[in-house]
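S.K.: Okay, handing you the structure first.
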Amino acid sequence: MAEYLELSGLTVAFDGFVAVDGVDLSVLAGELRFLIGPNGAGKTTLIDAVSGLVAATGSARFDGQELVGRKVHRIARLGVGRTFQTATVFEELSVLQNLDIAAGSRRGALSLLRRRTVVPEEVERTLDTVGLTDLADAPAGTLAHGQKQWLEIGMLLVQDARLLMLDEPVAGMSAEEKDETGRLLQRIAADRTVVVVEHDMDFMRAFATSVTVLHAGKVLSEGTVAQVQADPRVQEVYLGP
Ligand code: ADP
């Protein structure tokens, strides 16, 4: 299987403060990779760098294409998508309209000007994938917190994102919603590359196929859930010496 995301010496500095410090990381399609680490470890900055929101040095290749130095919209067009801790959906528009706009943004601005009478199959399929078919006509602002996250993930899917980086997707969710989200991510990760930044250790244990632990901007440990949990260096940063 092709190596999908490959970071090599990825570094982000803010006014001399190095938030991401020479990170090497490979994530294959089909993995459900969790990125964990204490607050301030550099997790969000790392996915910001891969998606082009902050400037970085070193290399971040996705599907063979170098992302470092490219603009945000170019990186998005290469199939890289991310969510934020607070879902960014159009609250007044329906679930379907949100997906339609996201699908249109992929095809270019022209398609937004054309009136559509038929729901494209892909949008319908995505509604089903993220479990929102029954809520297609509901204004996105009326969705529960978890459902908004699922809509946001759906928006990335119709944009044809093949690398999805999710920032704390289950924060604030009920146990049932977390479970639903985990199963959704498993389905998505079957043929796309998924990186999940998460603080919820139970969720990580239940769904991660591999884990990278960041600490002070560097990779501290990497492996299966069992391997990183057994790593004394990981226990030290979480529990103290
Ligand atoms: P995490 O997501 O692991 O909690 P962050 O990536 O948010 O960590 O932050 C890593 C470090 O970088 C923190 O010390 C944070 O204060 C710092 N940082 C993040 N963004 C900026 C910024 N725009 N300017 C200066 N420092 C920042």
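Order determines the names: the first chain of the structure tokens is A, the second B, and so forth; residues in each chain are numbered 1 upward, and ligands are numbered 1 upward as they are shown.
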I need the helix (DSSP H, G or I) residues of range 121-169 of chain A per DSSP on the backbone, written as a count of residues only.
M.R.: 29
S.K.: Using only C-alpha atoms and all ligand atoms, what does the table of chain A residues within 8 Å of ligand 1 look like, with each row giving the shortest atom pair and its distance in Å to one decimal, sorted by chain and ascending number, as JSON lines?
M.R.:
```
{"residue": "A:Ala13", "atom": "CA", "partner": "ligand 1", "partner_atom_place_in_ligand_line": "26 (N)", "distance": 8.0}
{"residue": "A:Phe14", "atom": "CA", "partner": "ligand 1", "partner_atom_place_in_ligand_line": "25 (C)", "distance": 4.9}
{"residue": "A:Asp15", "atom": "CA", "partner": "ligand 1", "partner_atom_place_in_ligand_line": "25 (C)", "distance": 7.1}
{"residue": "A:Phe17", "atom": "CA", "partner": "ligand 1", "partner_atom_place_in_ligand_line": "26 (N)", "distance": 6.9}
{"residue": "A:Val18", "atom": "CA", "partner": "ligand 1", "partner_atom_place_in_ligand_line": "12 (O)", "distance": 7.2}
{"residue": "A:Ala19", "atom": "CA", "partner": "ligand 1", "partner_atom_place_in_ligand_line": "12 (O)", "distance": 4.3}
{"residue": "A:Val20", "atom": "CA", "partner": "ligand 1", "partner_atom_place_in_ligand_line": "10 (C)", "distance": 7.2}
{"residue": "A:Ile36", "atom": "CA", "partner": "ligand 1", "partner_atom_place_in_ligand_line": "3 (O)", "distance": 7.5}
{"residue": "A:Gly37", "atom": "CA", "partner": "ligand 1", "partner_atom_place_in_ligand_line": "3 (O)", "distance": 6.1}
{"residue": "A:Pro38", "atom": "CA", "partner": "ligand 1", "partner_atom_place_in_ligand_line": "3 (O)", "distance": 6.1}
{"residue": "A:Asn39", "atom": "CA", "partner": "ligand 1", "partner_atom_place_in_ligand_line": "4 (O)", "distance": 3.7}
{"residue": "A:Gly40", "atom": "CA", "partner": "ligand 1", "partner_atom_place_in_ligand_line": "8 (O)", "distance": 3.4}
{"residue": "A:Ala41", "atom": "CA", "partner": "ligand 1", "partner_atom_place_in_ligand_line": "3 (O)", "distance": 3.7}
{"residue": "A:Gly42", "atom": "CA", "partner": "ligand 1", "partner_atom_place_in_ligand_line": "6 (O)", "distance": 3.3}
{"residue": "A:Lys43", "atom": "CA", "partner": "ligand 1", "partner_atom_place_in_ligand_line": "3 (O)", "distance": 3.8}
{"residue": "A:Thr44", "atom": "CA", "partner": "ligand 1", "partner_atom_place_in_ligand_line": "2 (O)", "distance": 3.7}
{"residue": "A:Thr45", "atom": "CA", "partner": "ligand 1", "partner_atom_place_in_ligand_line": "6 (O)", "distance": 3.7}
{"residue": "A:Leu46", "atom": "CA", "partner": "ligand 1", "partner_atom_place_in_ligand_line": "6 (O)", "distance": 6.4}
{"residue": "A:Val197", "atom": "CA", "partner": "ligand 1", "partner_atom_place_in_ligand_line": "2 (O)", "distance": 7.9}
{"residue": "A:Leu214", "atom": "CA", "partner": "ligand 1", "partner_atom_place_in_ligand_line": "3 (O)", "distance": 7.4}
{"residue": "A:His215", "atom": "CA", "partner": "ligand 1", "partner_atom_place_in_ligand_line": "3 (O)", "distance": 7.9}
{"residue": "A:Ala216", "atom": "CA", "partner": "ligand 1", "partner_atom_place_in_ligand_line": "10 (C)", "distance": 7.6}
{"residue": "A:Gly217", "atom": "CA", "partner": "ligand 1", "partner_atom_place_in_ligand_line": "10 (C)", "distance": 7.0}
```
S.K.: Point out the residue among A:Gln186, A:Ser221, A:Ser8, A:Ser59 with the least atom-to-atom distance to Gly30 in chain A, counting only C-alpha atoms.
M.R.: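 Among the listed residues, A:Gln186 lies closest to Gly30 in chain A.
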S.K.: Report, in Å to a single decimal, how far apart CA of Val228 in chain A and CA of Val211 in chain A are.
M.R.: 7.1 Å
S.K.: I'd like the contact shell of Glu66 in chain A - 12 Å cut-off, only C-alpha atoms, skipping same-chain residues fewer than 3 positions apart - returned as an MDAnalysis selection string.
M.R.: chainID A and resid 4:8 10 50:52 56:63 69:71 74:75 78 80
S.K.: Quick one: everything within 7 Å of Arg192 in chain A, counting only C-alpha atoms, minus sequence neighbours fewer than 2 positions away in the same chain. Send it as a PyMOL selection string.
M.R.: chain A and resi 29-30+162-163+188-190+194
S.K.: Export N, CA and C atoms of the chosen residues as a compact mmCIF listing (two decimals), in the first residue's frame?
M.R.:
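Result file part35.txt:
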```txt
# COMPACT_ATOMS: atom_id res chain seq x y z
N ALA A 29 -2.89 4.91 4.36
CA ALA A 29 -4.34 4.79 4.19
C ALA A 29 -4.75 3.47 4.84
N GLY A 30 -5.91 3.47 5.48
CA GLY A 30 -6.36 2.24 6.13
C GLY A 30 -6.05 2.22 7.62
N ARG A 162 -8.97 13.03 1.02
CA ARG A 162 -8.47 11.66 1.19
C ARG A 162 -7.55 11.56 2.40
N LEU A 163 -7.15 12.72 2.92
CA LEU A 163 -6.49 12.79 4.23
C LEU A 163 -7.39 13.64 5.12
N ILE A 188 -14.50 5.31 7.36
CA ILE A 188 -13.77 6.27 6.52
C ILE A 188 -12.32 5.83 6.34
N ALA A 189 -11.73 5.34 7.44
CA ALA A 189 -10.31 4.98 7.41
C ALA A 189 -10.05 3.73 6.57
N ALA A 190 -11.11 3.03 6.18
CA ALA A 190 -10.91 1.83 5.36
C ALA A 190 -10.18 2.16 4.06
N VAL A 194 -6.60 8.80 7.97
CA VAL A 194 -7.26 9.56 9.02
C VAL A 194 -6.30 9.77 10.19
```
S.K.: Extract, using only C-alpha atoms, all DNA, RNA and protein residues at most 6 Å from Ala102 in chain A, discarding same-chain residues fewer than 2 positions from it, and format them as a ChimeraX atom specification.
M.R.: /A:99-100,104-105,155,159
